[in-house]
file target_34.txt (compact mmCIF, C-alpha atoms and all ligand atoms)
# COMPACT_ATOMS: atom_id res chain seq x y z
CA MET J 269 -2.53 -12.92 4.44
CA PRO J 270 -1.44 -9.39 3.52
CA GLN J 271 -3.53 -6.72 5.18
CA LYS J 272 -4.23 -3.10 4.48
CA ILE J 273 -4.80 -0.94 7.55
CA SER J 274 -5.91 2.61 7.09
CA VAL J 275 -4.61 5.62 9.01
CA ALA J 276 -7.60 7.93 8.56
CA LEU J 277 -6.42 11.55 8.56
CA GLY J 278 -8.54 13.26 5.91
CA GLU J 279 -6.38 14.35 3.01
CA ARG J 280 -3.29 13.02 4.80
CA SER J 281 -4.77 9.51 5.10
CA TYR J 282 -2.55 6.61 4.12
CA PRO J 283 -2.45 2.82 4.22
CA ILE J 284 -0.19 0.43 6.08
CA TYR J 285 0.43 -2.67 3.98
CA THR J 286 1.57 -5.54 6.14
CA GLY J 287 2.31 -9.15 5.22
CA THR J 288 5.12 -11.64 4.66
CA GLY J 289 6.88 -11.16 1.34
CA LEU J 290 5.42 -7.71 0.61
CA LEU J 291 8.85 -6.09 0.28
CA LYS J 292 9.00 -7.52 -3.23
CA LYS J 293 6.07 -5.30 -4.11
CA LEU J 294 7.68 -2.02 -3.06
CA GLY J 295 7.99 -0.84 -6.67
CA GLU J 296 4.38 -1.74 -7.37
CA PHE J 297 3.13 0.26 -4.37
CA ILE J 298 5.28 3.25 -5.31
CA GLU J 299 3.72 3.24 -8.75
CA LYS J 300 0.23 2.75 -7.35
CA HIS J 301 0.67 5.77 -5.09
CA GLY J 302 1.79 7.89 -8.01
CA LEU J 303 5.21 8.75 -6.58
CA LYS J 304 7.31 10.33 -9.29
CA GLY J 305 11.00 11.09 -9.70
CA GLU J 306 14.10 9.58 -8.19
CA ALA J 307 13.96 7.66 -4.91
CA VAL J 308 16.43 8.35 -2.12
CA ILE J 309 16.65 5.14 -0.09
CA VAL J 310 17.83 5.94 3.42
CA THR J 311 19.11 2.89 5.25
CA GLN J 312 22.00 1.33 7.19
CA ARG J 313 24.74 -0.96 5.87
CA GLU J 314 23.62 -4.30 7.36
CA ILE J 315 20.04 -3.76 6.32
CA TRP J 316 20.99 -2.76 2.80
CA ALA J 317 23.33 -5.75 2.49
CA HIS J 318 20.40 -8.03 3.26
CA TRP J 319 17.69 -6.51 1.14
CA ARG J 320 19.39 -4.72 -1.74
CA ALA J 321 18.75 -7.53 -4.25
CA VAL J 322 15.02 -7.70 -3.47
CA ILE J 323 14.65 -3.94 -3.59
CA HIS J 324 16.73 -3.49 -6.71
CA GLU J 325 14.62 -6.07 -8.54
CA SER J 326 11.36 -4.54 -7.32
CA LEU J 327 12.26 -0.94 -8.22
CA SER J 328 14.12 -1.49 -11.45
CA SER J 329 11.38 -3.73 -12.85
CA ARG J 330 9.13 -0.65 -12.62
CA GLY J 331 11.76 1.68 -14.02
CA ILE J 332 12.23 3.47 -10.69
CA VAL J 333 15.67 5.10 -10.41
CA TYR J 334 17.15 5.32 -6.92
CA GLN J 335 20.09 6.56 -4.93
CA VAL J 336 21.12 4.91 -1.64
CA HIS J 337 22.02 7.09 1.34
CA LEU J 338 23.95 5.49 4.22
CA PRO J 339 25.17 7.09 7.48
CA LYS J 340 28.76 8.28 7.44
CA ALA J 341 30.05 6.32 10.37
CA GLY J 342 29.04 2.88 11.57
CA GLY J 343 28.72 2.20 15.26
CA GLN J 344 25.75 3.09 17.36
CA SER J 345 22.59 3.41 15.30
CA GLU J 346 21.18 6.34 17.32
CA LYS J 347 24.09 8.52 16.10
CA MET J 348 22.28 8.72 12.78
CA LYS J 349 19.69 10.93 14.51
CA SER J 350 22.14 13.85 14.75
CA SER J 351 21.93 17.23 13.03
CA ALA J 352 25.16 16.43 11.15
CA GLU J 353 23.63 13.28 9.67
CA LEU J 354 20.38 15.10 8.94
CA PHE J 355 22.26 17.70 6.91
CA ARG J 356 24.21 15.00 5.06
CA LEU J 357 20.88 13.54 4.05
CA ILE J 358 19.53 16.95 3.04
CA LYS J 359 22.64 17.33 0.84
CA THR J 360 21.93 14.00 -0.85
CA CYS J 361 18.36 15.19 -1.43
CA SER J 362 19.49 18.42 -3.04
CA LYS J 363 21.98 16.56 -5.23
CA VAL J 364 19.26 14.23 -6.49
CA ASP J 365 16.88 17.17 -6.80
CA GLY J 366 19.45 18.95 -8.97
CA ARG J 367 19.02 16.29 -11.62
CA GLY J 368 15.59 17.79 -12.16
CA ARG J 369 13.33 14.76 -12.03
CA GLY J 370 11.95 15.41 -8.56
CA LEU J 371 12.39 13.07 -5.61
CA PHE J 372 10.81 11.12 -2.78
CA LEU J 373 12.36 9.40 0.24
CA ILE J 374 12.21 5.77 1.35
CA ALA J 375 13.12 4.92 4.96
CA LEU J 376 14.35 1.31 5.04
CA GLY J 377 15.26 0.47 8.62
CA GLY J 378 14.30 0.76 12.25
CA GLY J 379 13.02 3.76 14.18
CA VAL J 380 16.30 5.64 13.78
CA VAL J 381 16.22 5.54 9.98
CA GLY J 382 12.47 6.22 10.03
CA ASP J 383 12.83 9.28 12.26
CA VAL J 384 15.69 10.97 10.40
CA THR J 385 14.14 10.24 7.00
CA GLY J 386 10.67 11.42 8.01
CA PHE J 387 12.11 14.63 9.43
CA ALA J 388 14.25 15.31 6.32
CA ALA J 389 11.16 14.69 4.15
CA ALA J 390 9.18 17.13 6.29
CA ILE J 391 11.66 19.99 5.97
CA TYR J 392 13.32 19.60 2.56
CA ARG J 393 11.52 22.03 0.19
CA ARG J 394 8.89 22.30 2.95
CA GLY J 395 7.96 18.67 2.37
CA VAL J 396 8.64 15.93 -0.15
CA PRO J 397 6.87 12.53 -0.23
CA CYS J 398 8.15 9.85 2.06
CA VAL J 399 7.56 6.09 2.35
CA GLN J 400 8.23 4.10 5.51
CA VAL J 401 9.56 0.55 5.17
CA PRO J 402 10.18 -0.49 8.81
CA THR J 403 12.53 -3.42 9.48
CA THR J 404 12.47 -3.71 13.28
CA LEU J 405 9.48 -4.88 15.31
CA THR J 406 9.50 -1.54 17.16
CA ALA J 407 9.28 0.35 13.89
CA GLN J 408 6.60 -1.94 12.41
CA VAL J 409 4.30 -1.64 15.40
CA ASP J 410 5.13 1.88 16.52
CA SER J 411 7.60 4.39 15.09
CA ALA J 412 6.78 4.07 11.36
CA ILE J 413 3.11 4.84 12.03
CA GLY J 414 1.75 8.20 13.05
CA GLY J 415 4.14 10.68 11.49
CA LYS J 416 6.14 11.67 14.57
CA ASN J 417 9.72 12.22 13.43
CA ALA J 418 12.59 13.65 15.40
CA ILE J 419 16.34 13.86 15.72
CA ASP J 420 18.44 14.27 18.85
CA LEU J 421 20.27 17.39 19.99
CA PRO J 422 23.22 17.44 22.40
CA GLU J 423 20.70 18.79 24.94
CA GLY J 424 18.40 15.80 24.70
CA LYS J 425 16.71 13.06 22.71
CA ASN J 426 14.07 13.80 20.07
CA LEU J 427 14.18 17.56 20.62
CA LEU J 428 14.02 18.62 16.97
CA GLY J 429 11.16 17.20 15.01
CA ALA J 430 7.94 17.45 13.09
CA ILE J 431 4.70 15.62 12.59
CA TYR J 432 4.70 14.62 8.95
CA GLN J 433 2.83 11.66 7.55
CA PRO J 434 4.25 9.16 5.04
CA ARG J 435 2.44 8.29 1.76
CA PHE J 436 2.28 4.66 2.83
CA VAL J 437 3.91 2.20 5.20
CA LEU J 438 5.06 -1.18 3.93
CA SER J 439 5.85 -3.62 6.70
CA ASP J 440 7.10 -7.09 5.88
CA PRO J 441 7.58 -9.42 8.89
CA GLU J 442 10.11 -11.39 6.85
CA THR J 443 12.60 -8.56 7.36
CA LEU J 444 12.53 -9.42 11.08
CA LYS J 445 14.24 -12.76 10.54
CA THR J 446 17.68 -11.13 10.82
CA LEU J 447 16.79 -9.07 13.88
CA PRO J 448 18.86 -9.89 17.00
CA ASP J 449 16.81 -11.46 19.81
CA ARG J 450 17.21 -8.50 22.12
CA LEU J 451 15.64 -6.19 19.51
CA LEU J 452 12.75 -8.58 18.94
CA ARG J 453 12.03 -8.59 22.67
CA ASP J 454 12.38 -4.83 22.70
CA GLY J 455 9.54 -4.52 20.19
CA LEU J 456 7.47 -7.11 22.06
CA ALA J 457 7.26 -4.73 25.02
CA GLU J 458 5.30 -2.29 22.81
CA VAL J 459 3.10 -5.14 21.55
CA VAL J 460 2.31 -6.14 25.15
CA LYS J 461 1.46 -2.48 25.79
CA TYR J 462 -1.14 -2.46 22.98
CA GLY J 463 -2.68 -5.60 24.48
CA VAL J 464 -2.98 -4.01 27.91
CA ILE J 465 -4.28 -0.61 26.82
CA THR J 466 -6.83 -1.55 24.14
CA ASP J 467 -6.73 -5.12 22.95
CA PRO J 468 -7.52 -7.98 25.37
CA GLY J 469 -7.63 -10.43 22.43
CA LEU J 470 -4.05 -9.57 21.55
CA PHE J 471 -2.96 -9.94 25.19
CA VAL J 472 -4.48 -13.43 25.43
CA PHE J 473 -2.90 -14.35 22.08
CA LEU J 474 0.50 -13.27 23.43
CA GLU J 475 -0.03 -15.42 26.53
CA LYS J 476 -1.00 -18.44 24.46
CA LYS J 477 1.56 -18.17 21.66
CA ARG J 478 4.57 -16.76 23.43
CA ASP J 479 6.88 -19.61 22.37
CA GLN J 480 5.81 -19.46 18.72
CA ILE J 481 6.28 -15.67 18.77
CA LEU J 482 9.78 -15.95 20.19
CA ALA J 483 10.52 -18.57 17.51
CA ARG J 484 9.32 -15.94 14.98
CA GLY J 485 6.45 -18.04 13.62
CA ARG J 486 5.22 -16.41 10.45
CA GLY J 487 1.49 -16.42 11.28
CA GLU J 488 2.11 -15.28 14.85
CA LEU J 489 4.30 -12.35 13.82
CA GLU J 490 1.80 -11.31 11.16
CA ARG J 491 -1.02 -11.39 13.72
CA ILE J 492 0.73 -9.34 16.41
CA ILE J 493 2.08 -6.77 13.94
CA ALA J 494 -1.30 -6.26 12.26
CA SER J 495 -3.16 -5.94 15.59
CA SER J 496 -0.61 -3.51 17.00
CA ALA J 497 -0.50 -1.42 13.82
CA ARG J 498 -4.31 -1.28 13.85
CA THR J 499 -4.34 0.10 17.40
CA LYS J 500 -1.64 2.65 16.65
CA ALA J 501 -3.45 3.71 13.45
CA LYS J 502 -6.73 4.12 15.29
CA VAL J 503 -5.27 6.18 18.10
CA VAL J 504 -3.31 8.41 15.70
CA SER J 505 -6.39 8.92 13.51
CA ARG J 506 -8.23 10.36 16.49
CA ASP J 507 -5.40 12.60 17.67
CA GLU J 508 -2.84 13.27 14.95
CA PHE J 509 -1.13 16.14 16.77
CA ASP J 510 -1.26 14.66 20.26
CA LYS J 511 -3.53 17.42 21.55
CA LYS J 512 -6.71 15.63 22.59
CA GLU J 513 -5.67 13.31 25.37
CA VAL J 514 -6.18 10.33 23.08
CA ARG J 515 -2.66 9.64 21.89
CA ILE J 516 -1.44 9.80 25.47
CA VAL J 517 -2.70 6.24 26.12
CA LEU J 518 0.27 5.06 24.05
CA ASN J 519 2.36 6.38 26.88
CA PHE J 520 1.37 3.58 29.27
CA GLY J 521 4.56 2.50 31.06
CA HIS J 522 6.49 5.33 29.42
CA THR J 523 6.56 7.99 32.14
CA ILE J 524 8.58 5.74 34.40
CA GLY J 525 10.18 3.99 31.40
CA HIS J 526 11.59 7.27 30.08
CA ALA J 527 12.86 8.09 33.55
CA ILE J 528 14.67 4.74 33.71
CA GLU J 529 16.28 5.45 30.32
CA ALA J 530 17.33 8.94 31.41
CA ALA J 531 18.61 7.93 34.85
CA SER J 532 20.57 4.97 33.48
CA GLY J 533 22.16 7.08 30.74
CA TYR J 534 20.46 5.62 27.62
CA GLY J 535 22.18 2.37 26.85
CA LYS J 536 21.90 0.07 29.82
CA TYR J 537 18.29 -0.69 29.02
CA THR J 538 16.70 -0.73 25.59
CA HIS J 539 13.53 1.37 25.32
CA GLY J 540 11.38 -1.78 25.48
CA GLU J 541 13.19 -3.06 28.56
CA ALA J 542 12.70 0.27 30.32
CA ILE J 543 8.99 0.38 29.54
CA SER J 544 8.62 -3.23 30.65
CA ILE J 545 9.62 -2.12 34.16
CA GLY J 546 7.61 1.07 33.65
CA MET J 547 4.46 -0.92 32.85
CA MET J 548 4.86 -3.00 36.01
CA CYS J 549 5.19 0.17 38.11
CA ALA J 550 2.17 1.75 36.38
CA ILE J 551 -0.07 -1.28 36.84
CA GLU J 552 0.85 -1.53 40.51
CA LEU J 553 0.17 2.19 40.88
CA SER J 554 -3.23 1.55 39.29
CA ALA J 555 -3.92 -1.01 41.99
CA SER J 556 -2.72 1.24 44.82
CA LEU J 557 -4.90 4.11 43.64
CA GLY J 558 -7.94 1.83 43.51
CA VAL J 559 -8.26 2.26 39.75
CA LEU J 560 -7.48 -1.35 38.81
CA LYS J 561 -10.50 -3.64 39.07
CA GLU J 562 -8.90 -6.80 37.74
CA PHE J 563 -6.67 -8.02 40.53
CA SER J 564 -5.01 -10.86 38.62
CA LEU J 565 -3.67 -8.52 35.93
CA PRO J 566 -0.35 -7.39 37.50
CA ARG J 567 0.69 -11.02 37.92
CA ARG J 568 -0.39 -11.93 34.36
CA LEU J 569 1.49 -8.95 32.94
CA GLU J 570 4.61 -9.79 34.92
CA LYS J 571 4.50 -13.42 33.79
CA LEU J 572 4.16 -12.42 30.15
CA LEU J 573 6.99 -9.89 30.27
CA ILE J 574 9.27 -12.43 31.95
CA ALA J 575 8.35 -15.03 29.31
CA PHE J 576 9.45 -12.54 26.65
CA GLY J 577 12.78 -12.12 28.42
CA LEU J 578 12.00 -8.56 29.50
CA PRO J 579 13.10 -7.19 32.87
CA VAL J 580 10.45 -6.50 35.52
CA LYS J 581 12.84 -5.37 38.25
CA LEU J 582 15.00 -2.30 38.26
CA ASP J 583 18.74 -2.47 38.78
CA LYS J 584 19.53 -1.31 42.34
CA LYS J 585 22.34 0.90 41.02
CA ILE J 586 19.89 3.25 39.34
CA SER J 587 19.07 6.23 41.49
CA VAL J 588 15.37 6.68 42.23
CA GLU J 589 16.06 10.36 42.95
CA LYS J 590 17.47 10.80 39.46
CA MET J 591 14.40 9.10 38.06
CA MET J 592 12.07 11.39 40.03
CA ARG J 593 13.87 14.40 38.59
CA ALA J 594 13.50 12.96 35.11
CA ILE J 595 9.76 12.50 35.68
CA GLY J 596 9.57 16.13 36.73
CA TYR J 597 10.81 17.08 33.30
CA ASP J 598 8.76 14.49 31.44
CA LYS J 599 7.22 16.04 28.34
CA LYS J 600 3.80 14.66 29.25
CA ASN J 601 3.71 16.85 32.32
CA VAL J 602 1.29 19.74 32.15
CA ASP J 603 1.60 22.69 34.53
CA GLY J 604 3.97 20.82 36.80
CA THR J 605 1.54 18.00 37.51
CA ASN J 606 2.04 14.58 36.03
CA ARG J 607 -0.46 12.71 33.89
CA PHE J 608 -0.30 8.98 34.33
CA VAL J 609 -1.87 6.37 32.11
CA LEU J 610 -3.39 3.84 34.49
CA ILE J 611 -5.29 0.63 33.84
CA GLU J 612 -8.83 -0.10 35.00
CA LYS J 613 -9.00 -3.55 33.45
CA LEU J 614 -7.44 -5.34 30.51
CA GLY J 615 -8.03 -3.08 27.48
CA LYS J 616 -9.25 -0.06 29.46
CA THR J 617 -7.13 2.92 30.44
CA VAL J 618 -7.76 5.83 32.79
CA ILE J 619 -5.77 9.08 32.72
CA HIS J 620 -4.90 10.14 36.24
CA ARG J 621 -3.72 13.65 37.02
CA ALA J 622 -1.31 14.47 39.77
CA VAL J 623 -0.42 11.06 41.14
CA PRO J 624 1.31 11.84 44.47
CA GLN J 625 5.09 11.94 43.98
CA ARG J 626 5.52 9.87 47.13
CA LEU J 627 3.44 7.03 45.69
CA ILE J 628 5.45 7.05 42.46
CA TYR J 629 8.64 6.96 44.50
CA ASP J 630 7.42 4.04 46.60
CA HIS J 631 6.38 2.02 43.58
CA ILE J 632 9.70 2.51 41.83
CA GLN J 633 11.43 1.56 45.07
CA LYS J 634 9.30 -1.58 45.29
CA ARG J 635 10.47 -2.68 41.85
CA ARG J 636 14.14 -2.41 42.70
CA GLY J 637 15.83 -5.67 43.30
N1 LIG N 701 8.70 8.39 15.74
C1 LIG N 701 8.14 7.66 16.66
O1 LIG N 701 6.93 7.69 16.86
C2 LIG N 701 9.01 6.74 17.46
C3 LIG N 701 8.44 5.77 18.28
C4 LIG N 701 9.28 4.89 18.94
C5 LIG N 701 10.65 5.00 18.79
N2 LIG N 701 11.17 5.97 18.00
C6 LIG N 701 12.62 6.10 17.81
O2 LIG N 701 13.07 4.92 17.17
C7 LIG N 701 14.41 4.67 17.55
C8 LIG N 701 14.55 3.22 17.93
O3 LIG N 701 14.16 2.42 16.85
P1 LIG N 701 14.61 0.89 16.76
O4 LIG N 701 14.37 0.24 18.05
O5 LIG N 701 13.96 0.32 15.54
O6 LIG N 701 16.18 0.98 16.64
P2 LIG N 701 17.20 1.25 15.42
O7 LIG N 701 16.54 1.91 14.29
O8 LIG N 701 18.39 1.88 16.00
O9 LIG N 701 17.56 -0.22 14.99
C9 LIG N 701 18.29 -1.01 15.90
C10 LIG N 701 19.43 -1.75 15.21
O10 LIG N 701 18.89 -2.79 14.42
C11 LIG N 701 19.44 -2.76 13.12
N3 LIG N 701 18.41 -3.32 12.25
C12 LIG N 701 17.30 -2.72 11.77
N4 LIG N 701 16.56 -3.59 11.09
C13 LIG N 701 17.20 -4.77 11.12
C14 LIG N 701 16.92 -6.06 10.60
N5 LIG N 701 15.82 -6.31 9.94
N6 LIG N 701 17.81 -7.04 10.84
C15 LIG N 701 18.93 -6.82 11.57
N7 LIG N 701 19.25 -5.63 12.11
C16 LIG N 701 18.38 -4.61 11.87
C17 LIG N 701 19.79 -1.33 12.88
O11 LIG N 701 20.79 -1.22 11.91
C18 LIG N 701 20.25 -0.89 14.25
O12 LIG N 701 21.60 -1.18 14.45
C19 LIG N 701 14.75 5.65 18.65
O13 LIG N 701 15.55 6.68 18.13
C20 LIG N 701 13.40 6.20 19.07
O14 LIG N 701 13.48 7.53 19.53
C21 LIG N 701 10.38 6.83 17.33
ZN ZN N 702 7.67 3.28 23.33

call {"tool": "encode", "arguments": {"input": "target_34.txt", "output": "C-alpha cells"}}
result
Amino acid sequence: MPQKISVALGERSYPIYTGTGLLKKLGEFIEKHGLKGEAVIVTQREIWAHWRAVIHESLSSRGIVYQVHLPKAGGQSEKMKSSAELFRLIKTCSKVDGRGRGLFLIALGGGVVGDVTGFAAAIYRRGVPCVQVPTTLTAQVDSAIGGKNAIDLPEGKNLLGAIYQPRFVLSDPETLKTLPDRLLRDGLAEVVKYGVITDPGLFVFLEKKRDQILARGRGELERIIASSARTKAKVVSRDEFDKKEVRIVLNFGHTIGHAIEAASGYGKYTHGEAISIGMMCAIELSASLGVLKEFSLPRRLEKLLIAFGLPVKLDKKISVEKMMRAIGYDKKNVDGTNRFVLIEKLGKTVIHRAVPQRLIYDHIQKRRG
C-alpha cells in the first residue's frame, strides 16, 4: 500500500510518498506539486539505464520536458560529490535556465546523487525546487529525508553543504531490486538503528522477517522503509537545523562508526558496516556506564546484525589510536567533550556527555578480533 509520510516543517513541509510502483507516477506528483519549467534529472549511468523508460513515459505523458545530467567520469560514485562535479551540474542548470522556461531538479539515485543535487538546488539562484527520488535503501530511509546536503572537499567529507528541503520525496522499493547485496545490507544497518533508538516494533519485525527482508520481499521492504522514513521525518520535524539535541539521536553508532571510516581510509568498510560495529560499541558502553537496563539487548542486536551480514568485530589492522584521534575531531563534539548516544532500553536513548576516553578506548579494543 502506498503511504504518504509528512515532514512537518511549517512552510517548508513536504511529503514522502513511498510504495512499490510509485516511480511511474513521478510526472503526476510533479504536476500535483505545481513544479513548472524544465526538469534537470541528475543521476548515474546504471540507474538511468534501468529506469529511463519508466521515467520518460511518466514525464512525457504529462508534457514535462527534461534534460539528463550524468557525472563526467564513471568509477567511484563518491567522486560525484566533488566541487568540479557540482560546478558541472550548475553549468547544466544555467544552460537549461537560459532557455527561459525556469527549472527544477530531480535527484534519481543514492545518497551521492541526492547530496550533490540538493546542494546545487540550494545554491543555484539562491534556491530552485528539488525533488528526491532515492534508489538505494540508505537514501530511502536516510539521506533523501531531512534536507542535509553536502559535497566533499579535499580536506574532508561533507564539508561544504546546506540544509535545503526538497518539494517531495518519492521512494519506490522496486528500484532496490537491482541493488547489489552489499548495498542492501549497508542500508539495513540504518534500519536497525531506527529500531534500536525509537521503534521496538520495527526491531522485532527485523528479527522475525530477516530472511524475507534479505530476499527483498515486497511487503517487508515496504514496511521497513515506511517505518524508518517515519522516524527520520519525525526527528527532522522537531529539529530541522540540528540545534536542539533531538536530531543527534540519529547519530547512534555513528561517533565510533565515523572514526572507523576515517581510520580505515573510507573504502574498507561501507558506512553501514562501520556503524554496525559502532552500534555494538555504543550499546556495550551503555551497559558499562549503567545506562542500559535491558541486559539481553546487546546480544539481540549482535545476532540481528550478523544475520544481516554486517560486521560486529573490527579488523585488527585498524589503529585504535587513529580512531581516538578521529573521535576527537568528530563534529558532534562540543567544547572538546564528546556527546554519545546511549541506549536505556529498546526504543529509548540517553545522551551522555563526556564519556571517559579510556572507556571508549577499551570498548573499541574489546570489539577488535
Ligand atoms: N544527506 C544526508 O543526510 C546523508 C545521510 C546519509 C548518507 N549521506 C551520503 O550519501 C552517500 C552514500 O549514499 P549511498 O549509500 O546511497 O551510495 P551511492 O549514492 O554512492 O550509491 C552507491 C552505488 O549504488 C549505485 N546505485 C544506486 N541506486 C542503485 C540501484 N537502484 N540499483 C543498482 N545500483 C544503484 C550507485 O550508482 C552507486 O554506484 C555518502 O556520500 C553519504 O555522505 C547523506
Ligand atoms: Zn548513517

call {"tool": "residues_near_ligand", "arguments": {"input": "target_34.txt", "ligand": "ligand LIG 701 (chain N)", "cutoff": "6 Å", "atoms": "only C-alpha atoms and all ligand atoms", "output": "PyMOL selection string"}}
result
chain J and resi 312+315+345-346+377-381+383+403-404+406-407+410-411+416-417+443-444+446-447

call {"tool": "residues_near_point", "arguments": {"input": "target_34.txt", "point": "(-3.5, 2.8, 14.0)", "cutoff": "8 Å", "atoms": "only C-alpha atoms", "output": "PyMOL selection string"}}
result
chain J and resi 273-275+413-414+496-505

call {"tool": "residues_around", "arguments": {"input": "target_34.txt", "residues": "Leu582 (chain J)", "least_positions_apart": "2", "cutoff": "7 Å", "atoms": "only C-alpha atoms", "output": "ChimeraX atom specification"}}
result
/J:545,580,584,635-637

call {"tool": "residues_around", "arguments": {"input": "target_34.txt", "residues": "Arg506 (chain J)", "least_positions_apart": "4", "cutoff": "10 Å", "atoms": "only C-alpha atoms", "output": "short mmCIF file (atom, residue, chain, number, x, y, z; two decimals) with C-alpha atoms, keeping the file's coordinate frame"}}
result
data_model
loop_
_atom_site.label_atom_id
_atom_site.label_comp_id
_atom_site.auth_asym_id
_atom_site.auth_seq_id
_atom_site.Cartn_x
_atom_site.Cartn_y
_atom_site.Cartn_z
CA VAL J 275 -4.61 5.62 9.01
CA ALA J 276 -7.60 7.93 8.56
CA LEU J 277 -6.42 11.55 8.56
CA ALA J 501 -3.45 3.71 13.45
CA LYS J 502 -6.73 4.12 15.29
CA ASP J 510 -1.26 14.66 20.26
CA LYS J 511 -3.53 17.42 21.55
CA LYS J 512 -6.71 15.63 22.59
CA GLU J 513 -5.67 13.31 25.37
CA VAL J 514 -6.18 10.33 23.08
CA ARG J 515 -2.66 9.64 21.89
#

call {"tool": "atom_distance", "arguments": {"input": "target_34.txt", "atom1": "CA of Ala575 (chain J)", "atom2": "CA of Ser556 (chain J)"}}
result
25.1 Å

call {"tool": "atom_distance", "arguments": {"input": "target_34.txt", "atom1": "CA of Ser281 (chain J)", "atom2": "CA of His324 (chain J)"}}
result
27.8 Å

call {"tool": "residues_around", "arguments": {"input": "target_34.txt", "residues": "Gly487 (chain J)", "least_positions_apart": "4", "cutoff": "12 Å", "atoms": "only C-alpha atoms", "output": "list in words"}}
result
Met269, Pro270, Gly287, Thr288, Pro441, Glu442, Phe473, Lys477, Gln480, Ile481, Ala483, Arg491, Ile492, Ile493 and Ala494 of chain J

call {"tool": "atom_distance", "arguments": {"input": "target_34.txt", "atom1": "CA of Leu474 (chain J)", "atom2": "CA of Gly455 (chain J)"}}
result
13.0 Å

call {"tool": "residues_near_ligand", "arguments": {"input": "target_34.txt", "ligand": "ligand ZN 702 (chain N)", "cutoff": "9 Å", "atoms": "all atoms listed in the file", "output": "PDB file with C-alpha atoms, in the coordinates of the input"}}
result
ATOM      1  CA  THR J 406       9.500  -1.540  17.160  1.00  0.00           C
ATOM      2  CA  ASP J 410       5.130   1.880  16.520  1.00  0.00           C
ATOM      3  CA  SER J 411       7.600   4.390  15.090  1.00  0.00           C
ATOM      4  CA  GLY J 455       9.540  -4.520  20.190  1.00  0.00           C
ATOM      5  CA  ALA J 457       7.260  -4.730  25.020  1.00  0.00           C
ATOM      6  CA  GLU J 458       5.300  -2.290  22.810  1.00  0.00           C
ATOM      7  CA  LYS J 461       1.460  -2.480  25.790  1.00  0.00           C
ATOM      8  CA  LEU J 518       0.270   5.060  24.050  1.00  0.00           C
ATOM      9  CA  ASN J 519       2.360   6.380  26.880  1.00  0.00           C
ATOM     10  CA  PHE J 520       1.370   3.580  29.270  1.00  0.00           C
ATOM     11  CA  GLY J 521       4.560   2.500  31.060  1.00  0.00           C
ATOM     12  CA  HIS J 522       6.490   5.330  29.420  1.00  0.00           C
ATOM     13  CA  GLY J 525      10.180   3.990  31.400  1.00  0.00           C
ATOM     14  CA  HIS J 526      11.590   7.270  30.080  1.00  0.00           C
ATOM     15  CA  HIS J 539      13.530   1.370  25.320  1.00  0.00           C
ATOM     16  CA  GLY J 540      11.380  -1.780  25.480  1.00  0.00           C
ATOM     17  CA  ILE J 543       8.990   0.380  29.540  1.00  0.00           C
TER      18      ILE J 543
END

call {"tool": "closest_residue", "arguments": {"input": "target_34.txt", "among": "J:Val396, J:Cys549, J:Leu354, J:Ala527", "to": "Gly429 (chain J)", "atoms": "only C-alpha atoms"}}
result
J:Leu354

call {"tool": "residues_around", "arguments": {"input": "target_34.txt", "residues": "Val310 (chain J)", "least_positions_apart": "6", "cutoff": "7 Å", "atoms": "only C-alpha atoms", "output": "VMD selection string"}}
result
chain J and resid 336 to 338 374 to 376 381 385

call {"tool": "axis_aligned_box", "arguments": {"input": "target_34.txt", "around": "region 503-509 of chain J", "padding_each_side": "5 Å", "output": "AutoDock Vina command-line options"}}
result
--center_x -4.7 --center_y 11.2 --center_z 15.8 --size_x 17.1 --size_y 20.0 --size_z 14.6

call {"tool": "residues_around", "arguments": {"input": "target_34.txt", "residues": "region 356-359 of chain J", "least_positions_apart": "5", "cutoff": "10 Å", "atoms": "only C-alpha atoms", "output": "list in words"}}
result
Val308, Val310, His337, Leu338, Pro339, Lys340, Ser350, Ser351, Val364, Asp365, Val384, Thr385, Ala388, Ala389, Ile391, Tyr392 and Arg393 of chain J

call {"tool": "write_last_selection", "arguments": {"input": "target_34.txt", "atoms": "C-alpha atoms", "output": "mmCIF file, keeping the file's coordinate frame"}}
result
data_model
loop_
_atom_site.group_PDB
_atom_site.id
_atom_site.type_symbol
_atom_site.label_atom_id
_atom_site.label_comp_id
_atom_site.auth_asym_id
_atom_site.auth_seq_id
_atom_site.Cartn_x
_atom_site.Cartn_y
_atom_site.Cartn_z
ATOM 1 C CA VAL J 308 16.430 8.350 -2.120
ATOM 2 C CA VAL J 310 17.830 5.940 3.420
ATOM 3 C CA HIS J 337 22.020 7.090 1.340
ATOM 4 C CA LEU J 338 23.950 5.490 4.220
ATOM 5 C CA PRO J 339 25.170 7.090 7.480
ATOM 6 C CA LYS J 340 28.760 8.280 7.440
ATOM 7 C CA SER J 350 22.140 13.850 14.750
ATOM 8 C CA SER J 351 21.930 17.230 13.030
ATOM 9 C CA VAL J 364 19.260 14.230 -6.490
ATOM 10 C CA ASP J 365 16.880 17.170 -6.800
ATOM 11 C CA VAL J 384 15.690 10.970 10.400
ATOM 12 C CA THR J 385 14.140 10.240 7.000
ATOM 13 C CA ALA J 388 14.250 15.310 6.320
ATOM 14 C CA ALA J 389 11.160 14.690 4.150
ATOM 15 C CA ILE J 391 11.660 19.990 5.970
ATOM 16 C CA TYR J 392 13.320 19.600 2.560
ATOM 17 C CA ARG J 393 11.520 22.030 0.190
#

call {"tool": "residues_near_point", "arguments": {"input": "target_34.txt", "point": "(1.6, -10.6, 32.8)", "cutoff": "10 Å", "atoms": "only C-alpha atoms", "output": "list in words"}}
result
Val460, Val464, Phe471, Val472, Leu474, Glu475, Met548, Ser564, Leu565, Pro566, Arg567, Arg568, Leu569, Glu570, Lys571, Leu572, Leu573, Ile574 and Ala575 of chain J

call {"tool": "closest_residue", "arguments": {"input": "target_34.txt", "among": "J:Phe372, J:Tyr629, J:Phe436, J:Tyr285", "to": "Val588 (chain J)", "atoms": "only C-alpha atoms"}}
result
J:Tyr629

call {"tool": "closest_residue", "arguments": {"input": "target_34.txt", "among": "J:Phe563, J:Phe297, J:Phe387, J:Tyr462", "to": "Tyr432 (chain J)", "atoms": "all atoms listed in the file"}}
result
J:Phe387

call {"tool": "closest_residue", "arguments": {"input": "target_34.txt", "among": "J:Asp420, J:Glu296, J:Asp454, J:Glu314", "to": "Lys349 (chain J)", "atoms": "all atoms listed in the file"}}
result
J:Asp420
